[in-house]
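Participant: If it helps, the file is called upload_32.csv and holds CSV, C-alpha atoms and all ligand atoms:
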chain,number,residue,atom,x,y,z
A,1,MET,CA,0.0,0.0,0.0
A,2,GLY,CA,1.5,3.4,-1.0
A,3,LEU,CA,2.0,6.1,1.6
A,4,ASN,CA,-0.8,8.3,0.3
A,5,THR,CA,-3.4,5.6,0.6
A,6,MET,CA,-2.7,5.1,4.3
A,7,ARG,CA,-5.6,6.4,6.4
A,8,LEU,CA,-3.4,8.6,8.7
A,9,ALA,CA,-0.8,9.6,6.1
A,10,GLY,CA,0.9,12.9,7.1
A,11,LYS,CA,-0.9,13.1,10.5
A,12,VAL,CA,0.6,13.5,13.9
A,13,ALA,CA,-0.9,11.5,16.8
A,14,LEU,CA,-0.4,11.3,20.6
A,15,VAL,CA,-1.5,8.3,22.5
A,16,THR,CA,-1.3,8.3,26.3
A,17,GLY,CA,-0.8,5.1,28.2
A,18,ALA,CA,0.8,3.7,25.1
A,19,ALA,CA,3.5,1.6,26.7
A,20,ARG,CA,1.3,-1.5,26.9
A,21,GLY,CA,-2.2,-2.8,26.3
A,22,ILE,CA,-4.8,-1.0,24.3
A,23,GLY,CA,-2.7,2.2,24.1
A,24,ARG,CA,0.2,0.3,22.6
A,25,GLY,CA,-2.1,-1.4,20.1
A,26,ILE,CA,-3.6,2.0,19.0
A,27,ALA,CA,-0.1,3.5,18.6
A,28,LEU,CA,1.1,0.6,16.5
A,29,ARG,CA,-2.1,0.7,14.3
A,30,PHE,CA,-1.9,4.5,13.8
A,31,ALA,CA,1.8,4.2,12.9
A,32,ALA,CA,1.0,1.4,10.4
A,33,GLU,CA,-1.5,3.8,8.8
A,34,GLY,CA,1.2,6.5,8.3
A,35,ALA,CA,0.9,8.7,11.4
A,36,SER,CA,3.9,10.0,13.4
A,37,VAL,CA,3.0,8.9,16.9
A,38,GLY,CA,4.0,10.3,20.3
A,39,ILE,CA,4.2,7.5,22.8
A,40,MET,CA,3.3,8.8,26.3
A,41,ASP,CA,3.4,6.7,29.4
A,42,LEU,CA,5.0,6.8,32.9
A,43,ASP,CA,8.2,5.0,32.1
A,44,ALA,CA,10.6,6.3,29.4
A,45,ALA,CA,12.2,2.9,28.7
A,46,ALA,CA,8.8,1.2,28.2
A,47,CYS,CA,7.8,4.1,25.8
A,48,GLN,CA,11.1,3.7,23.9
A,49,ALA,CA,10.5,0.0,23.5
A,50,VAL,CA,7.2,0.8,21.7
A,51,VAL,CA,9.0,3.4,19.6
A,52,ASP,CA,11.6,0.7,18.7
A,53,ASP,CA,8.8,-1.7,17.7
A,54,ILE,CA,7.2,0.9,15.4
A,55,THR,CA,10.6,1.9,13.9
A,56,ARG,CA,11.4,-1.7,13.2
A,57,LYS,CA,8.1,-2.0,11.2
A,58,GLY,CA,9.0,1.1,9.2
A,59,GLY,CA,6.9,3.6,11.1
A,60,CYS,CA,7.6,6.8,12.9
A,61,ALA,CA,7.3,7.4,16.6
A,62,LEU,CA,8.8,9.5,19.5
A,63,GLU,CA,9.1,8.7,23.2
A,64,VAL,CA,7.4,11.4,25.2
A,65,HIS,CA,7.1,9.9,28.7
A,66,ALA,CA,5.1,11.8,31.3
A,67,ASP,CA,2.9,11.3,34.3
A,68,ILE,CA,-0.2,12.8,32.7
A,69,SER,CA,-1.5,14.0,36.1
A,70,ASP,CA,1.6,16.3,36.4
A,71,PRO,CA,1.2,19.6,34.4
A,72,ALA,CA,5.0,20.3,34.2
A,73,GLN,CA,5.7,16.8,32.8
A,74,VAL,CA,2.8,17.1,30.3
A,75,GLU,CA,4.1,20.5,29.1
A,76,ALA,CA,7.7,19.2,28.8
A,77,ALA,CA,6.6,16.1,26.8
A,78,HIS,CA,4.3,18.2,24.6
A,79,ALA,CA,7.1,20.6,23.9
A,80,LYS,CA,9.3,17.7,22.8
A,81,LEU,CA,6.6,16.3,20.6
A,82,ALA,CA,5.7,19.7,19.0
A,83,GLU,CA,9.4,20.5,18.3
A,84,ARG,CA,9.8,17.2,16.4
A,85,PHE,CA,6.4,16.8,14.7
A,86,GLY,CA,4.5,20.1,15.0
A,87,ALA,CA,0.8,20.3,16.0
A,88,VAL,CA,-1.0,17.1,16.9
A,89,ASP,CA,-3.9,16.0,14.6
A,90,ALA,CA,-5.2,13.1,16.7
A,91,LEU,CA,-5.1,12.7,20.5
A,92,VAL,CA,-6.1,9.5,22.2
A,93,ASN,CA,-6.6,10.0,26.0
A,94,ASN,CA,-6.2,6.3,26.8
A,95,ALA,CA,-4.1,6.2,30.1
A,96,ALA,CA,-6.1,5.2,33.2
A,97,VAL,CA,-5.9,3.4,36.5
A,98,MET,CA,-8.6,1.1,37.9
A,99,PRO,CA,-8.7,0.8,41.7
A,100,ALA,CA,-10.9,-2.1,42.8
A,101,GLY,CA,-13.7,-2.0,45.4
A,102,ALA,CA,-17.1,-0.7,46.3
A,103,LEU,CA,-17.0,3.1,47.1
A,104,HIS,CA,-16.5,2.8,50.9
A,105,GLU,CA,-13.8,0.2,50.3
A,106,THR,CA,-11.8,2.5,48.1
A,107,ALA,CA,-8.8,4.1,49.9
A,108,ILE,CA,-8.7,7.9,49.7
A,109,ALA,CA,-5.3,7.8,48.0
A,110,ASP,CA,-6.6,5.3,45.3
A,111,PHE,CA,-9.7,7.4,44.8
A,112,ASP,CA,-7.6,10.6,44.4
A,113,ARG,CA,-5.1,8.9,42.0
A,114,CYS,CA,-8.0,7.6,39.9
A,115,LEU,CA,-9.4,11.1,39.5
A,116,ALA,CA,-5.9,12.5,39.0
A,117,VAL,CA,-5.0,10.1,36.1
A,118,ASN,CA,-8.3,9.4,34.5
A,119,LEU,CA,-9.8,12.9,34.6
A,120,ARG,CA,-7.1,15.5,35.5
A,121,GLY,CA,-4.7,13.8,33.1
A,122,THR,CA,-7.2,13.9,30.3
A,123,TYR,CA,-7.7,17.6,31.0
A,124,LEU,CA,-4.0,18.4,31.2
A,125,VAL,CA,-3.1,16.6,28.0
A,126,SER,CA,-6.1,18.0,26.1
A,127,ARG,CA,-5.3,21.5,27.4
A,128,ALA,CA,-1.7,21.3,26.2
A,129,LEU,CA,-2.6,20.2,22.7
A,130,ILE,CA,-5.8,22.0,21.9
A,131,PRO,CA,-4.3,25.5,21.1
A,132,GLY,CA,-2.0,23.8,18.5
A,133,MET,CA,-4.9,21.9,17.0
A,134,LEU,CA,-7.0,25.1,16.8
A,135,ALA,CA,-4.1,27.0,15.2
A,136,ALA,CA,-3.6,24.2,12.7
A,137,GLY,CA,-7.4,24.2,11.8
A,138,GLY,CA,-8.6,21.2,13.7
A,139,GLY,CA,-8.0,17.7,14.9
A,140,SER,CA,-9.6,14.6,16.5
A,141,ILE,CA,-9.7,13.9,20.3
A,142,ILE,CA,-10.7,10.4,21.5
A,143,HIS,CA,-11.4,9.7,25.1
A,144,MET,CA,-11.1,6.1,26.2
A,145,ALA,CA,-14.2,5.6,28.3
A,146,SER,CA,-15.6,2.2,29.2
A,147,ILE,CA,-18.8,0.1,29.4
A,148,THR,CA,-18.6,0.9,33.2
A,149,GLY,CA,-19.4,4.5,32.4
A,150,LEU,CA,-22.8,3.3,30.9
A,151,ARG,CA,-23.8,0.3,33.0
A,152,GLY,CA,-23.5,-0.6,36.7
A,153,LEU,CA,-20.9,-3.2,37.2
A,154,PRO,CA,-19.8,-4.2,40.7
A,155,GLY,CA,-16.5,-3.5,42.4
A,156,ILE,CA,-15.0,-0.6,40.4
A,157,ALA,CA,-17.0,2.5,41.6
A,158,ALA,CA,-14.3,5.2,41.4
A,159,TYR,CA,-13.1,4.0,38.0
A,160,ALA,CA,-16.7,3.8,36.7
A,161,MET,CA,-17.3,7.4,37.9
A,162,THR,CA,-14.4,8.7,35.9
A,163,LYS,CA,-15.5,6.8,32.8
A,164,GLY,CA,-19.0,8.2,33.0
A,165,ALA,CA,-17.4,11.7,33.4
A,166,LEU,CA,-15.4,11.1,30.2
A,167,ILE,CA,-18.6,10.4,28.3
A,168,ALA,CA,-20.1,13.7,29.6
A,169,LEU,CA,-16.8,15.5,28.8
A,170,THR,CA,-17.0,14.2,25.2
A,171,ARG,CA,-20.4,15.7,24.7
A,172,ALA,CA,-19.4,19.0,26.3
A,173,MET,CA,-16.1,19.4,24.4
A,174,SER,CA,-17.7,18.5,21.1
A,175,THR,CA,-20.1,21.5,21.4
A,176,ASP,CA,-17.2,23.8,22.3
A,177,TYR,CA,-15.0,22.8,19.3
A,178,ALA,CA,-17.4,21.6,16.6
A,179,GLY,CA,-17.3,25.0,14.9
A,180,ARG,CA,-13.5,25.1,15.2
A,181,GLY,CA,-12.5,21.9,13.5
A,182,ILE,CA,-11.9,19.7,16.5
A,183,ARG,CA,-14.0,16.5,16.7
A,184,VAL,CA,-14.3,14.9,20.1
A,185,ASN,CA,-15.6,11.3,20.6
A,186,SER,CA,-15.3,8.6,23.1
A,187,VAL,CA,-14.8,4.8,22.9
A,188,SER,CA,-16.3,2.5,25.5
A,189,PRO,CA,-14.8,-1.0,25.4
A,190,GLY,CA,-16.4,-3.9,27.0
A,191,THR,CA,-13.9,-6.4,28.5
A,192,ILE,CA,-10.8,-6.5,26.4
A,193,ASP,CA,-8.1,-9.2,26.4
A,194,SER,CA,-5.3,-7.0,27.7
A,195,PRO,CA,-2.7,-6.9,30.4
A,196,MET,CA,-5.2,-5.0,32.6
A,197,LEU,CA,-7.6,-8.0,32.3
A,198,HIS,CA,-4.8,-10.5,32.9
A,199,ASP,CA,-3.6,-8.6,36.1
A,200,PHE,CA,-7.2,-8.5,37.3
A,201,LEU,CA,-7.8,-12.2,36.7
A,202,ALA,CA,-4.5,-13.2,38.2
A,203,ALA,CA,-5.6,-11.6,41.5
A,204,GLN,CA,-8.8,-13.7,41.6
A,205,SER,CA,-9.3,-17.1,43.3
A,206,ASP,CA,-10.6,-18.9,40.1
A,207,PRO,CA,-9.2,-16.9,37.1
A,208,ASP,CA,-10.3,-19.6,34.5
A,209,ARG,CA,-13.9,-19.6,35.6
A,210,LEU,CA,-14.0,-15.8,35.8
A,211,ARG,CA,-12.5,-15.5,32.3
A,212,GLY,CA,-15.3,-17.8,31.0
A,213,ASP,CA,-17.8,-15.6,32.8
A,214,PHE,CA,-16.4,-12.6,31.1
A,215,ASP,CA,-16.6,-14.3,27.7
A,216,ALA,CA,-20.2,-15.4,28.3
A,217,MET,CA,-21.3,-11.9,29.6
A,218,HIS,CA,-20.8,-10.4,26.1
A,219,PRO,CA,-23.6,-11.3,23.6
A,220,ILE,CA,-20.9,-12.0,20.9
A,221,GLY,CA,-19.7,-14.8,23.2
A,222,ARG,CA,-16.2,-13.6,23.9
A,223,VAL,CA,-14.2,-10.6,25.2
A,224,GLY,CA,-12.8,-8.2,22.7
A,225,THR,CA,-9.3,-7.8,21.3
A,226,ILE,CA,-7.0,-4.8,21.5
A,227,GLU,CA,-7.1,-4.6,17.7
A,228,GLU,CA,-10.9,-4.3,17.7
A,229,VAL,CA,-10.6,-1.2,19.9
A,230,ALA,CA,-7.7,0.2,17.9
A,231,ASN,CA,-9.8,-0.2,14.7
A,232,VAL,CA,-12.5,2.1,16.0
A,233,CYS,CA,-10.0,4.7,17.2
A,234,LEU,CA,-8.4,4.6,13.8
A,235,PHE,CA,-11.7,5.4,12.2
A,236,LEU,CA,-12.4,8.3,14.6
A,237,ALA,CA,-8.9,9.7,14.1
A,238,SER,CA,-9.1,9.6,10.3
A,239,ASP,CA,-10.9,12.0,7.9
A,240,GLU,CA,-13.4,9.1,7.3
A,241,ALA,CA,-15.1,10.3,10.5
A,242,SER,CA,-15.3,14.0,9.4
A,243,PHE,CA,-19.0,14.3,10.4
A,244,VAL,CA,-18.7,12.4,13.7
A,245,THR,CA,-18.4,14.3,16.9
A,246,GLY,CA,-19.9,14.1,20.4
A,247,SER,CA,-20.4,10.3,19.9
A,248,ASN,CA,-19.6,7.5,22.2
A,249,TYR,CA,-18.7,4.3,20.4
A,250,GLU,CA,-19.4,1.1,22.3
A,251,VAL,CA,-16.9,-1.6,21.4
A,252,ASP,CA,-18.4,-4.2,23.6
A,253,GLY,CA,-19.8,-7.2,21.7
A,254,GLY,CA,-23.3,-6.0,22.4
A,255,LEU,CA,-23.0,-5.8,26.2
A,256,SER,CA,-24.4,-2.3,26.6
A,257,SER,CA,-27.5,-3.2,24.5
A,258,LYS,CA,-28.2,-6.5,26.4
A,259,GLY,CA,-31.4,-6.8,28.4
A,260,GLU,CA,-32.1,-9.3,31.1
A,261,GLN,CA,-34.0,-12.5,30.4
A,262,PRO,CA,-36.9,-12.7,32.9
A,263,GLN,CA,-36.5,-15.8,35.2
A,264,ASP,CA,-39.4,-18.1,36.0
A,301,LIG,N1,-8.8,-3.8,29.3
A,301,LIG,C1,-10.1,-3.6,29.4
A,301,LIG,O1,-10.9,-4.6,29.5
A,301,LIG,C2,-10.7,-2.2,29.3
A,301,LIG,C3,-12.1,-2.1,29.2
A,301,LIG,C4,-12.7,-0.9,29.1
A,301,LIG,C5,-11.9,0.2,29.0
A,301,LIG,N2,-10.5,0.1,29.1
A,301,LIG,C6,-9.7,1.3,29.1
A,301,LIG,O2,-8.8,1.3,28.1
A,301,LIG,C7,-7.6,2.0,28.4
A,301,LIG,C8,-6.4,1.1,28.4
A,301,LIG,O3,-6.6,0.0,29.2
A,301,LIG,P1,-5.6,-1.2,29.2
A,301,LIG,O4,-6.4,-2.4,29.4
A,301,LIG,O5,-4.7,-1.2,28.0
A,301,LIG,O6,-4.8,-0.8,30.6
A,301,LIG,P2,-3.3,-1.0,31.0
A,301,LIG,O7,-3.2,-1.0,32.5
A,301,LIG,O8,-2.7,-2.2,30.3
A,301,LIG,O9,-2.6,0.2,30.3
A,301,LIG,C9,-2.7,1.5,30.9
A,301,LIG,C10,-1.5,2.3,30.6
A,301,LIG,O10,-1.6,3.6,31.2
A,301,LIG,C11,-0.4,3.9,31.8
A,301,LIG,N3,-0.6,5.0,32.8
A,301,LIG,C12,-1.2,4.8,34.0
A,301,LIG,N4,-1.1,6.0,34.7
A,301,LIG,C13,-0.5,6.8,34.0
A,301,LIG,C14,-0.1,8.2,34.1
A,301,LIG,N5,-0.4,8.9,35.3
A,301,LIG,N6,0.5,8.8,33.1
A,301,LIG,C15,0.8,8.2,32.0
A,301,LIG,N7,0.5,6.9,31.7
A,301,LIG,C16,-0.2,6.2,32.7
A,301,LIG,C17,0.1,2.6,32.4
A,301,LIG,O11,1.5,2.7,32.7
A,301,LIG,C18,-0.2,1.6,31.3
A,301,LIG,O12,0.8,1.5,30.4
A,301,LIG,C19,-7.9,2.6,29.8
A,301,LIG,O13,-8.5,3.9,29.7
A,301,LIG,C20,-9.0,1.6,30.3
A,301,LIG,O14,-9.8,2.2,31.3
A,301,LIG,C21,-9.9,-1.1,29.2
When written as structure tokens, how does the structure in this file appear?

Facilitator:
Amino acid sequence: MGLNTMRLAGKVALVTGAARGIGRGIALRFAAEGASVGIMDLDAAACQAVVDDITRKGGCALEVHADISDPAQVEAAHAKLAERFGAVDALVNNAAVMPAGALHETAIADFDRCLAVNLRGTYLVSRALIPGMLAAGGGSIIHMASITGLRGLPGIAAYAMTKGALIALTRAMSTDYAGRGIRVNSVSPGTIDSPMLHDFLAAQSDPDRLRGDFDAMHPIGRVGTIEEVANVCLFLASDEASFVTGSNYEVDGGLSSKGEQPQD
């Protein structure tokens, strides 16, 4: 496939939480479609490993590590990215943490960290990039939400709260920027086969049974893949989605549409 037929040819992207899991998958996919991609995560060496993966495959990427909850780190990383690639066309606010527990069981430090990363981090990274996007005539922002922002699921109250907030933020931001060229959408995955899921399962008493339950919970009959989330992000980042803003895309195998079968 020639360069000019790639879906993100000539575009600059930034993906947060891109050192592993879904963020890494999005970064690899965007780079394969011709984007120059900033790899943002906590650990510089882990970011660089993704850059090296992308470079080996003939793509273009830059390590821009930062704790997204820290304004100074975000500004420094953004300055590095802007100097190398210019304004960002596509931002994926993907980094998140997921403390477990019902609300009263969630430690204050974990609650605060969840808000600091999932919400403050999204704010800080967006705030840093939007002026450049506006000056360049527009862009696409994708917030990584979750099925937990739409449906009640037990044991992850603080996390679910932030994911619901990201869906509200998507709507609010889309109205602020629709007339100025920036599209803002969110993606709400169901359960995805990822390191986050593996970590969660490893901490349970019967991981195999639980994994089966997760598969069965989704009407399609299995959990999703990282690539299936990356595909939707690719569409939203590309010009193919030029009339799409303020939307939440459920990538959940039908989970959010499922009703309950009445029991006898
Ligand atoms: N895996 C799932 O089943 C699932 C389902 C729905 C939504 N999601 C969402 O998808 C996104 C990615 O999930 P994942 O499964 O790949 O998770 P993950 O834990 O594998 O990856 C998250 C990445 O974010 C990074 N990160 C955490 N705090 C950060 C910070 N302060 N600054 C910079 N980077 C930071 C981590 O280092 C990690 O590399 C998250 O927003 C998550 O909520 C995941």

Participant: Using all atoms listed in the file, which of A:Leu91, A:Ile26, A:Ala46, A:Val125 sits nearest A:Ile68?

Facilitator: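 Once distances to A:Ile68 are computed over all atoms listed in the file, the minimum belongs to A:Val125.
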
Participant: Would you give me, as CSV, each residue of chain A having an atom within 6 Å of an atom of ligand LIG 301 (chain A), along with its shortest atom pair and that distance in Å to one decimal, using only C-alpha atoms and all ligand atoms and sorting by chain and residue number?

Facilitator:
residue,atom,partner,partner_atom,distance
A:Thr16,CA,A:LIG301,N7,5.9
A:Gly17,CA,A:LIG301,O10,3.4
A:Ala18,CA,A:LIG301,O12,5.7
A:Ala19,CA,A:LIG301,O12,4.6
A:Arg20,CA,A:LIG301,O12,4.6
A:Gly21,CA,A:LIG301,O5,3.4
A:Ile22,CA,A:LIG301,O5,3.7
A:Gly23,CA,A:LIG301,O5,5.5
A:Asp41,CA,A:LIG301,N7,3.7
A:Leu42,CA,A:LIG301,C15,4.5
A:Ala66,CA,A:LIG301,C15,5.7
A:Asp67,CA,A:LIG301,N6,3.7
A:Ile68,CA,A:LIG301,N6,4.1
A:Ser69,CA,A:LIG301,N5,5.3
A:Asn94,CA,A:LIG301,O13,4.4
A:Ala95,CA,A:LIG301,O10,3.8
A:Ala96,CA,A:LIG301,O13,4.4
A:Val97,CA,A:LIG301,C12,5.5
A:Val117,CA,A:LIG301,N5,4.8
A:Met144,CA,A:LIG301,O13,4.9
A:Ala145,CA,A:LIG301,C5,5.9
A:Ser146,CA,A:LIG301,C5,4.2
A:Pro189,CA,A:LIG301,C4,4.3
A:Gly190,CA,A:LIG301,C3,5.2
A:Thr191,CA,A:LIG301,O1,3.6
A:Ile192,CA,A:LIG301,O1,3.6
A:Ser194,CA,A:LIG301,N1,5.0
A:Pro195,CA,A:LIG301,O8,4.7
A:Met196,CA,A:LIG301,O4,4.3
A:Leu197,CA,A:LIG301,N1,5.3

Participant: So, counting all atoms listed in the file, which residue among A:Ala102, A:Leu81, A:Ile226, A:Leu210 is closest to A:Pro154?

Facilitator: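 Ranking A:Ala102, A:Leu81, A:Ile226, A:Leu210 by distance to A:Pro154, first place goes to A:Ala102.
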
Participant: May I ask which of the residues A:Thr225, A:Thr148, A:Ser36, A:Thr55 is the closest one to A:Ser256, counting only C-alpha atoms?

Facilitator: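 Answer, going by the shortest atom-to-atom distance: A:Thr148.
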
Participant: Between A:Val50, A:Val64, A:Ala172, A:Met217, single out the one closest to A:Lys80, counting only C-alpha atoms.

Facilitator: A:Val64

Participant: For A:Asp43, which of A:Phe214, A:Ala116, A:His65, A:Ala27 is the closest residue, counting only C-alpha atoms?

Facilitator: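 Going through A:Phe214, A:Ala116, A:His65, A:Ala27 one by one, the smallest distance to A:Asp43 is for A:His65.
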
Participant: Please provide the set of residues having any atom within 9 Å of A:Val232, restricted to all atoms listed in the file, with same-chain residues fewer than 5 positions apart removed, written as a PDB file with C-alpha atoms, in the frame of the given file.

Facilitator:
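This went into result_33.pdb:
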ATOM      1  CA  VAL A 187     -14.800   4.800  22.900  1.00  0.00           C
ATOM      2  CA  GLU A 227      -7.100  -4.600  17.700  1.00  0.00           C
ATOM      3  CA  ALA A 237      -8.900   9.700  14.100  1.00  0.00           C
ATOM      4  CA  TYR A 249     -18.700   4.300  20.400  1.00  0.00           C
ATOM      5  CA  VAL A 251     -16.900  -1.600  21.400  1.00  0.00           C
TER       6      VAL A 251
END

Participant: Name the closest residue to A:Ala76 among the candidates A:Ala128, A:Ile108, A:Asn248, A:Gly164; distances are taken between atoms, counting all atoms listed in the file.

Facilitator: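 With all atoms listed in the file as the atom set, the closest residue is A:Ala128.
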
Participant: Just the number, please: distance in Å from atom CA of A:Tyr123 to atom CA of A:Ala77, one decimal.

Facilitator: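 It comes out at 15.0 Å.
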
Participant: Have a look at atom CA of A:Leu103 and atom CA of A:Asp199 and let me know their distance in Å, one decimal.

Facilitator: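 We find that atom CA of A:Leu103 and atom CA of A:Asp199 lie 20.9 Å from each other.
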
Participant: When you draw a straight line from atom CA of A:Ala230 to atom CA of A:Gly25, how long is it in Å?

Facilitator: 6.2 Å
